[in-house]
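A short worksheet on the structure shown next.
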Amino acid sequence: MTDAAQEAFSQTNFGTIDTVIVVVYLLISLGIGLMVKRYAGSMLNYIGAGRKIGPWLGVATMTGTELGLVTVMYSAQKGFSGGFAAFHMAVIAGVATLFVGLTGFIVGPLRRLEVLTIPEFYEKRFNKQIRVLGGILLVLAGVLNMGLFLKVGSMFIVGVTGMASEGEALKWVMVGLLVLVLIYTTLGGMISVVLTDYVQFVVLSFGLLAATGVAIWKLGWTNIFETVHATLGEGGFDPTVADSGFGWEYVFWMVITAGFVGSAVWPTAVSRALAMESEKAVRKQYCWSSISFTVRFMLPYFWGICALVFIAATPAGDDLKNLFFPEAGEPEVSNLYAMPIVMGRILPPVLIGIITAGMIAAFMSTHDSYFLTWSSVITQDIVAPLRKKEFSTKSRVKLTRILIVLMGGYVLYWSVFYKGREDIWDYMAVTGGIYFTGAFVVLMLGVYWKKTSSLGALLGLCSGLLMLFGLEPVQKAVGLKFQNEQTGEWQEILTSPQIGLITVGIALAVTIIGSLVSPNRKEIEI
């Protein structure tokens, strides 16, 4: 890192009082994990909170999980690069979540069946082998999906506090945050996750609104729109135009990814539905969560837009222009740092401490939910069905806790060594697609089409592996992405949204064909 970059990173309003706020908040979170440890003795309590979650606590905990620090960071990155055009993803997420709430699409039948995980539905609807396969693909996709969470979350903290100017700060912050998450997640399970999510929901809701107000006040409402138009043109407002960085294919891909998958198929959201006290509570939760699902995208997009305006159109951002918008060559600094650096300069002391504490809480709530979800899937849907001997509750909880720690080690490794350069949201859509492209089809047809068979489910789920070709290192290895010899620019034969839409189409076709070739003989009342 150059001296100019170190100097730019060190300019922040984060001070001693803000450090105190963050430390106190973290101690409270750890205290919650210790207090609820005694209630996490069974798998129903450990991964399902005893199915005692009401609709309002459900709204808070679902929002807390889905509004993770990685969400804020990848959304701000999209806002920084795409302007107001990125808002289409927020609208899609909100409308799809409301649709699920009004209709009970997928999640209603799953709650009626009283399953704890999606692969458990596969066994009830198809057979044990499909459950194990579904669990393996789910864990593969889920663990890959969260591989960069730790690094991206740590980038916010070192950026907003000014620690990014110190060479090894990012790695030490990653280790520290990971240890905190592992301690209270392994202790309290879903109960501690739900309670800390609720506290985070309250803190972060206040912080997001307050910080957004400060940013508008300092940058000027009119100036924000004018700068986006001057910098990004029409593409900064319309996601369908060619120069927006999105396009119609991307929008259609988001209808599946940010819309129906994010609300009705992705396990960390569905796990909340399966922990609700009734199907009526599930629907109510989703209807109200449609508002928070919209806001959880929209506000971070706006923060990214504010970072763009601050750097491009204010004297205070002059020292950042060459770092993020060099006249020639690649930017010296990842645009993921833009939002936290700018927020560190815009927000006043105390507020910046509350925001940082809330963001660390958001980081932990996402990690704890993901760790708990993937580890419980391995325990409940892969190991338990394959065991011939009795698998006691104590052993299941112990194995789940061990798996959480192992996943923590993987996340730390992947955060350090993954070399792909795609936007974080696009990386997540691709890795998650290994699971959800096939699962979306199999769940939808399995719930609503009686002829869906185990062979169709097998083919549909396996189709999701095609999404591996959407990862940048894989694309380069197989020639789907190559460097133009004349311009030196990287070009794609197929974009990740195109690969995603093709994969969904293939999954739908093979599931239907497989079901017609080998009809289902197992019927259940859904």
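If you're wondering about the labels, chains in the structure tokens are A, B, ... by order shown, residues count from 1 in each chain, ligands from 1 in order shown.
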*Leaving out Ile434 (chain A) and any residue of its chain fewer than 6 positions from it, which residues lie within 8 Å of it when counting only C-alpha atoms, given as a ChimeraX atom specification?*
/A:137-138,140-141,464-468
How about saving the chosen residues, N, CA, C and O atoms kept, as a compact mmCIF listing (two decimals), in the first residue's frame?
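Contents of again-v2.txt, as written:
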# COMPACT_ATOMS: atom_id res chain seq x y z
N LEU A 137 -25.04 -31.00 -1.38
CA LEU A 137 -25.00 -29.85 -2.29
C LEU A 137 -25.26 -28.55 -1.54
O LEU A 137 -24.66 -27.51 -1.84
N LEU A 138 -26.17 -28.62 -0.58
CA LEU A 138 -26.49 -27.44 0.21
C LEU A 138 -25.28 -26.96 1.00
O LEU A 138 -24.95 -25.77 1.01
N LEU A 140 -22.07 -27.70 0.40
CA LEU A 140 -21.03 -27.27 -0.54
C LEU A 140 -21.26 -25.84 -0.98
O LEU A 140 -20.35 -25.00 -0.92
N ALA A 141 -22.49 -25.55 -1.40
CA ALA A 141 -22.81 -24.20 -1.86
C ALA A 141 -22.76 -23.20 -0.71
O ALA A 141 -22.22 -22.10 -0.85
N GLY A 464 -27.36 -28.10 -10.45
CA GLY A 464 -26.78 -26.91 -9.83
C GLY A 464 -25.26 -26.85 -9.89
O GLY A 464 -24.67 -25.77 -9.81
N LEU A 465 -24.61 -27.99 -10.07
CA LEU A 465 -23.14 -28.01 -10.15
C LEU A 465 -22.63 -27.24 -11.36
O LEU A 465 -21.47 -26.84 -11.40
N LEU A 466 -23.50 -27.01 -12.36
CA LEU A 466 -23.09 -26.21 -13.52
C LEU A 466 -22.73 -24.78 -13.13
O LEU A 466 -22.01 -24.09 -13.85
N MET A 467 -23.23 -24.32 -11.96
CA MET A 467 -22.95 -22.96 -11.52
C MET A 467 -21.47 -22.75 -11.17
O MET A 467 -21.01 -21.61 -11.07
N LEU A 468 -20.73 -23.83 -11.00
CA LEU A 468 -19.29 -23.69 -10.76
C LEU A 468 -18.60 -22.95 -11.90
O LEU A 468 -17.58 -22.29 -11.70
*asked:* I want to know what sits within 8 Å of Ile404 (chain A), based on only C-alpha atoms, with residues of the same chain fewer than 5 positions away left out; could you give that as a ChimeraX atom specification?
replied: /A:182,186,371-372,375
Taking N, CA, C and O atoms for each residue, export the selection above as a PDB file, in the first residue's frame.
ATOM      1  N   LEU A 182     -17.546 -17.794  16.993  1.00  0.00           N
ATOM      2  CA  LEU A 182     -17.495 -19.216  17.331  1.00  0.00           C
ATOM      3  C   LEU A 182     -17.858 -19.461  18.796  1.00  0.00           C
ATOM      4  O   LEU A 182     -18.541 -20.438  19.125  1.00  0.00           O
ATOM      5  N   THR A 186     -21.404 -21.599  19.277  1.00  0.00           N
ATOM      6  CA  THR A 186     -21.268 -22.977  19.755  1.00  0.00           C
ATOM      7  C   THR A 186     -21.914 -23.153  21.123  1.00  0.00           C
ATOM      8  O   THR A 186     -22.398 -24.235  21.460  1.00  0.00           O
ATOM      9  N   PHE A 371     -23.221 -20.569  10.092  1.00  0.00           N
ATOM     10  CA  PHE A 371     -22.511 -21.681  10.718  1.00  0.00           C
ATOM     11  C   PHE A 371     -23.501 -22.703  11.272  1.00  0.00           C
ATOM     12  O   PHE A 371     -23.344 -23.919  11.084  1.00  0.00           O
ATOM     13  N   LEU A 372     -24.520 -22.211  11.965  1.00  0.00           N
ATOM     14  CA  LEU A 372     -25.490 -23.105  12.583  1.00  0.00           C
ATOM     15  C   LEU A 372     -26.294 -23.859  11.530  1.00  0.00           C
ATOM     16  O   LEU A 372     -26.555 -25.063  11.668  1.00  0.00           O
ATOM     17  N   SER A 375     -23.867 -26.491   9.627  1.00  0.00           N
ATOM     18  CA  SER A 375     -23.444 -27.581  10.512  1.00  0.00           C
ATOM     19  C   SER A 375     -24.618 -28.478  10.882  1.00  0.00           C
ATOM     20  O   SER A 375     -24.470 -29.705  10.965  1.00  0.00           O
TER      21      SER A 375
END
_Using only C-alpha atoms, can you tell me which of A:Leu501, A:Leu336, A:Val91, A:Ala507 comes closest to Ala258 (chain A)?_
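Closest to Ala258 (chain A) of all the choices is A:Val91.
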*Please measure the separation of CA of Gly142 (chain A) and CA of Val430 (chain A), giving the value in Å to one decimal.*
10.9 Å
*Any chance you could list, as a PyMOL selection string, the residues in region 148-186 of chain A that come up alpha helix (DSSP H) when DSSP is run on the backbone?*
chain A and resi 149-161+169-186
*Using only C-alpha atoms, find the one residue out of A:Leu459, A:Ile224, A:Ile378, A:Asp368 that sits nearest to Arg396 (chain A).*
A:Ile378
*Could you check how far CA of Thr431 (chain A) sits from CA of Ala307 (chain A), in Å to one decimal?*
27.7 Å
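For the atom pair formed by CA of Ile360 (chain A) and CA of Thr314 (chain A), the distance is 28.8 Å, given to one decimal.
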*Identify, on the basis of only C-alpha atoms, every residue whose closest approach to region 379-383 of chain A does not exceed 12 Å; exclude the query and any residue fewer than 2 positions from it along the same chain; express the result as a ChimeraX atom specification.*
/A:43-44,47,115-124,127-139,372-377,385-404
With C-alpha atoms kept, could you save the residues just selected as a PDB file, in the first residue's frame?
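That gives us part28.pdb:
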ATOM      1  CA  MET A  43     -31.511 -30.365  18.628  1.00  0.00           C
ATOM      2  CA  LEU A  44     -34.980 -28.787  18.454  1.00  0.00           C
ATOM      3  CA  ILE A  47     -31.216 -25.393  15.776  1.00  0.00           C
ATOM      4  CA  VAL A 115     -39.420 -30.305   9.094  1.00  0.00           C
ATOM      5  CA  LEU A 116     -36.345 -28.682  10.617  1.00  0.00           C
ATOM      6  CA  THR A 117     -34.336 -28.457   7.373  1.00  0.00           C
ATOM      7  CA  ILE A 118     -35.012 -28.458   3.635  1.00  0.00           C
ATOM      8  CA  PRO A 119     -33.194 -31.791   3.050  1.00  0.00           C
ATOM      9  CA  GLU A 120     -35.522 -33.327   5.637  1.00  0.00           C
ATOM     10  CA  PHE A 121     -38.356 -32.456   3.240  1.00  0.00           C
ATOM     11  CA  TYR A 122     -36.501 -34.325   0.486  1.00  0.00           C
ATOM     12  CA  GLU A 123     -36.647 -37.544   2.519  1.00  0.00           C
ATOM     13  CA  LYS A 124     -40.334 -37.148   3.323  1.00  0.00           C
ATOM     14  CA  ASN A 127     -36.197 -40.825  -0.189  1.00  0.00           C
ATOM     15  CA  LYS A 128     -33.208 -40.861   2.144  1.00  0.00           C
ATOM     16  CA  GLN A 129     -30.672 -40.779  -0.713  1.00  0.00           C
ATOM     17  CA  ILE A 130     -32.135 -37.529  -2.069  1.00  0.00           C
ATOM     18  CA  ARG A 131     -31.983 -36.063   1.427  1.00  0.00           C
ATOM     19  CA  VAL A 132     -28.279 -36.871   1.721  1.00  0.00           C
ATOM     20  CA  LEU A 133     -27.532 -35.570  -1.787  1.00  0.00           C
ATOM     21  CA  GLY A 134     -29.495 -32.396  -1.104  1.00  0.00           C
ATOM     22  CA  GLY A 135     -27.628 -31.914   2.154  1.00  0.00           C
ATOM     23  CA  ILE A 136     -24.224 -32.363   0.494  1.00  0.00           C
ATOM     24  CA  LEU A 137     -24.997 -29.852  -2.291  1.00  0.00           C
ATOM     25  CA  LEU A 138     -26.490 -27.435   0.205  1.00  0.00           C
ATOM     26  CA  VAL A 139     -23.418 -27.516   2.432  1.00  0.00           C
ATOM     27  CA  LEU A 372     -25.490 -23.105  12.583  1.00  0.00           C
ATOM     28  CA  THR A 373     -27.459 -23.810   9.403  1.00  0.00           C
ATOM     29  CA  TRP A 374     -24.693 -25.607   7.505  1.00  0.00           C
ATOM     30  CA  SER A 375     -23.444 -27.581  10.512  1.00  0.00           C
ATOM     31  CA  SER A 376     -26.955 -28.697  11.430  1.00  0.00           C
ATOM     32  CA  VAL A 377     -27.565 -29.819   7.845  1.00  0.00           C
ATOM     33  CA  PRO A 385     -29.372 -40.675   7.918  1.00  0.00           C
ATOM     34  CA  LEU A 386     -26.196 -42.571   7.040  1.00  0.00           C
ATOM     35  CA  ARG A 387     -25.604 -43.890  10.562  1.00  0.00           C
ATOM     36  CA  LYS A 388     -26.857 -47.376  11.335  1.00  0.00           C
ATOM     37  CA  LYS A 389     -26.568 -46.926  15.111  1.00  0.00           C
ATOM     38  CA  GLU A 390     -28.624 -44.627  17.320  1.00  0.00           C
ATOM     39  CA  PHE A 391     -27.425 -41.015  17.137  1.00  0.00           C
ATOM     40  CA  SER A 392     -28.172 -39.442  20.532  1.00  0.00           C
ATOM     41  CA  THR A 393     -29.209 -35.830  21.010  1.00  0.00           C
ATOM     42  CA  LYS A 394     -26.062 -35.108  23.004  1.00  0.00           C
ATOM     43  CA  SER A 395     -23.897 -36.499  20.194  1.00  0.00           C
ATOM     44  CA  ARG A 396     -25.749 -34.462  17.569  1.00  0.00           C
ATOM     45  CA  VAL A 397     -25.300 -31.203  19.458  1.00  0.00           C
ATOM     46  CA  LYS A 398     -21.617 -32.028  20.071  1.00  0.00           C
ATOM     47  CA  LEU A 399     -20.999 -32.812  16.394  1.00  0.00           C
ATOM     48  CA  THR A 400     -22.788 -29.635  15.328  1.00  0.00           C
ATOM     49  CA  ARG A 401     -20.552 -27.576  17.593  1.00  0.00           C
ATOM     50  CA  ILE A 402     -17.388 -29.258  16.263  1.00  0.00           C
ATOM     51  CA  LEU A 403     -18.505 -28.600  12.681  1.00  0.00           C
ATOM     52  CA  ILE A 404     -19.063 -24.911  13.467  1.00  0.00           C
TER      53      ILE A 404
END
Residue contacts of Arg112 (chain A) (7 Å, only C-alpha atoms) excluding same-chain residues fewer than 3 positions away, as a compact mmCIF listing (two decimals) with N, CA and C atoms, in the first residue's frame:
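So the final result, stored in part-v1.txt, reads:
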# COMPACT_ATOMS: atom_id res chain seq x y z
N GLY A 108 -44.85 -22.20 3.48
CA GLY A 108 -46.05 -22.64 4.17
C GLY A 108 -46.15 -24.16 4.24
N PRO A 109 -46.06 -24.86 3.12
CA PRO A 109 -46.07 -26.32 3.15
C PRO A 109 -44.94 -26.93 3.97
N GLU A 279 -47.98 -21.77 10.94
CA GLU A 279 -47.91 -21.31 9.55
C GLU A 279 -48.46 -19.89 9.43
_Neighbour list for Trp172 (chain A) as a list of chain:residue names, cut-off 10 Å, only C-alpha atoms, skip fewer than 5 positions in-chain_ =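 Result of the neighbour search: A:Ser154, A:Leu177, A:Leu178.
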*Which one is closest to Gly68 (chain A): A:Arg296, A:Ala273, A:His229, A:Ile499? Count only C-alpha atoms.*
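The closest residue to Gly68 (chain A) is A:Arg296.
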*Which residue gives the smallest distance to Val510 (chain A) among A:Gln491, A:Glu472, A:Ile346, A:Leu455, with only C-alpha atoms counted?*
A:Leu455
